[in-house]
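Just below is one structure, and these are the notes that go with it.
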Amino acid sequence: MCRSIKTLREPYVPQVTQADVEAAALQYVRKISGFRAPAAHNAEAFDAAVRAVAAATATLLDQLQVRGSRPAATG
């Protein structure tokens with residue numbers, strides 16, 4: 001796929017930021033669409049796709065259970 005998208009789950013990354021998730025989403029949409037930056041008439045669809053991929057990525061990372069790691073403490 002896209003080699004510049006890094007793994008964002010533990011133990012590869014101890015803490016994932018929103019910027020990490022958004023950068024990965026942007027790289028994914030760029031790869032799939034073939035556009036580094038979309039033309040004005042495609043910008044809305046491109047930006048919506050980046051938001052959707054970022055949201056799906058955040059959901060995935062929140063729901064993954066990594067073997068050998070402790071559950072997050074709830075307070």
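Residues are named by chain letter and number: chains run A, B, ... in the order of the structure tokens, numbers start at 1 in each chain, and ligands are numbered from 1 in the order shown.
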Set the distance at 12 Å and use only C-alpha atoms: which residues neighbour range 4-21 of chain A once local chain neighbours fewer than 6 positions away are removed? I'd like the list as a list of chain:residue names. A:Gln27, A:Tyr28, A:Val29, A:Arg30, A:Lys31, A:Val50, A:Arg51, A:Ala52, A:Val53, A:Ala54, A:Ala55, A:Ala56, A:Thr57, A:Ala58, A:Thr59, A:Leu60, A:Leu61, A:Asp62, A:Gln63, A:Leu64, A:Gln65, A:Val66, A:Arg67, A:Gly68, A:Ser69, A:Arg70, A:Pro71
